[in-house]
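Colleague: File coords06.cif follows (mmCIF, C-alpha atoms):
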data_entry
loop_
_atom_site.label_atom_id
_atom_site.label_comp_id
_atom_site.auth_asym_id
_atom_site.auth_seq_id
_atom_site.Cartn_x
_atom_site.Cartn_y
_atom_site.Cartn_z
CA ASP R 1 1.14 -6.03 -6.77
CA GLY R 2 1.63 -3.30 -4.16
CA ARG R 3 -0.04 -0.57 -6.22
CA THR R 4 -2.89 1.56 -4.97
CA GLY R 5 -6.26 0.09 -5.84
CA GLU R 6 -9.62 1.59 -6.59
CA PRO R 7 -10.82 3.77 -3.71
CA THR R 8 -13.48 2.41 -1.40
CA THR R 9 -16.26 4.41 0.25
CA LEU R 10 -14.43 4.44 3.60
CA VAL R 11 -13.60 8.17 3.64
CA ARG R 12 -17.04 9.19 2.39
CA ASP R 13 -18.74 6.90 4.90
CA ALA R 14 -16.62 8.23 7.76
CA HIS R 15 -17.43 11.81 6.80
CA ARG R 16 -21.13 10.99 6.68
CA ALA R 17 -20.77 9.75 10.25
CA ARG R 18 -19.03 13.06 11.09
CA LEU R 19 -15.66 11.40 11.59
CA ASP R 20 -12.32 12.70 10.40
CA VAL R 21 -9.95 10.35 8.62
CA HIS R 22 -6.21 10.49 9.33
CA VAL R 23 -3.60 8.11 7.97
CA TRP R 24 -0.28 7.18 9.52
CA THR R 25 2.66 7.00 9.09
CA VAL R 26 3.53 8.36 5.66
CA ARG R 27 7.23 7.80 5.10
CA ASN R 28 9.48 8.90 2.25
CA GLU R 29 11.23 5.58 1.56
CA ASN R 30 10.23 3.50 -1.45
CA SER R 31 9.78 0.47 0.80
CA GLN R 32 7.05 2.32 2.71
CA LEU R 33 5.13 3.65 -0.31
CA PRO R 34 2.73 1.96 -2.70
CA ALA R 35 4.52 0.59 -5.78
CA ASP R 36 3.04 3.26 -8.04
CA HIS R 37 4.73 5.98 -5.96
CA ARG R 38 8.22 4.46 -5.84
CA LEU R 39 11.06 6.09 -7.76
CA GLY R 40 14.38 4.80 -9.05
CA ASP R 41 15.84 1.51 -10.19
CA PRO R 42 14.33 -1.48 -8.37
CA ALA R 43 17.52 -3.43 -9.11
CA SER R 44 19.60 -1.00 -7.06
CA PRO R 45 20.47 -2.09 -3.52
CA ALA R 46 19.62 1.45 -2.36
CA TYR R 47 16.13 1.36 -3.94
CA PRO R 48 14.18 0.36 -0.80
CA ARG R 49 15.68 3.27 1.17
CA ALA R 50 15.54 5.82 -1.67
CA THR R 51 13.00 8.64 -1.48
CA GLY R 52 9.91 7.94 -3.51
CA ASP R 53 7.09 10.17 -4.72
CA VAL R 54 5.77 10.90 -1.24
CA ALA R 55 4.25 14.20 -2.40
CA GLY R 56 2.31 12.37 -5.09
CA PHE R 57 1.06 9.84 -2.55
CA LEU R 58 -0.03 12.61 -0.16
CA ASP R 59 -1.72 14.40 -3.07
CA ARG R 60 -3.68 11.23 -3.80
CA LEU R 61 -4.73 10.83 -0.18
CA LEU R 62 -5.96 14.43 -0.03
CA GLU R 63 -7.80 14.04 -3.34
CA LEU R 64 -9.59 11.07 -1.77
CA GLY R 65 -10.72 13.32 1.07
CA VAL R 66 -8.40 12.22 3.85
CA ASP R 67 -8.40 14.92 6.52
CA GLY R 68 -4.84 14.54 7.75
CA ALA R 69 -1.71 12.44 7.79
CA PHE R 70 1.04 11.71 10.25
CA CYS R 71 4.27 12.13 8.28
CA ASP R 72 7.87 11.31 9.07
CA ASP R 73 8.68 14.43 7.02
CA PRO R 74 6.27 17.05 8.41
CA ALA R 75 7.64 19.76 6.09
CA MET R 76 6.64 17.68 3.08
CA GLY R 77 3.19 17.10 4.55
CA ARG R 78 2.71 20.82 5.21
CA ALA R 79 3.86 21.72 1.68
CA VAL R 80 1.40 19.31 0.07
CA VAL R 81 -1.47 20.47 2.29
CA ALA R 82 -0.64 24.11 1.52
CA ARG R 83 -0.80 23.36 -2.22
CA HIS R 84 -4.27 21.88 -1.76
CA SER R 85 -5.43 24.82 0.34
CA ARG R 86 -4.97 27.39 -2.42
#
So that I can check it, write out the structure of this file as structure tokens.
Modeller:
Amino acid sequence: DGRTGEPTTLVRDAHRARLDVHVWTVRNENSQLPADHRLGDPASPAYPRATGDVAGFLDRLLELGVDGAFCDDPAMGRAVVARHSR
């Protein structure tokens, strides 16, 4: 249904093999985010292009142990990483 599923062991396994895990490309638009991180009215014609909960999605990725992300909005990525670094 387009929602994020249960995490796999991919990140943990990669870290055990001394690999870093980076994701790409995290974009702000609803159409580019998992369904559980989209915001707004799906019936609106602007919904696919509207900004979704990209910070929440990045938070989730960092909670899963992802080491980095390529973001279309680097300022958002830096802000989320800074929050996690405290």
Colleague: For a test of reading the model, state the distance in Å between CA of Glu29 in chain R and CA of Ala50 in chain R, rounded to one decimal.
Modeller: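 Between CA of Glu29 in chain R and CA of Ala50 in chain R the gap works out to 5.4 Å.
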Colleague: Could you pull the residues within 9 Å of Phe70 in chain R, counting all atoms listed in the file, minus those fewer than 5 positions along the same chain, as a PDB file with C-alpha atoms, in the frame of the given file?
Modeller:
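What follows is the written file out_0.pdb:
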ATOM      1  CA  HIS R  22      -6.210  10.490   9.330  1.00  0.00           C
ATOM      2  CA  VAL R  23      -3.600   8.110   7.970  1.00  0.00           C
ATOM      3  CA  TRP R  24      -0.280   7.180   9.520  1.00  0.00           C
ATOM      4  CA  THR R  25       2.660   7.000   9.090  1.00  0.00           C
ATOM      5  CA  VAL R  26       3.530   8.360   5.660  1.00  0.00           C
ATOM      6  CA  ARG R  27       7.230   7.800   5.100  1.00  0.00           C
ATOM      7  CA  GLY R  77       3.190  17.100   4.550  1.00  0.00           C
TER       8      GLY R  77
END
Colleague: How many Å lie between CA of His37 in chain R and CA of Asp53 in chain R, rounded to one decimal?
Modeller: 5.0 Å
Colleague: What does the distance from CA of Pro48 in chain R to CA of Asn30 in chain R come to in Å, to one decimal?
Modeller: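 It comes out at 5.1 Å.
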Colleague: Can you tell me, as a ChimeraX atom specification, what residues are no more than 7 Å from range 58-66 of chain R when counting all atoms listed in the file, ignoring any on the same chain fewer than 5 positions away?
Modeller: /R:11,21-22,80
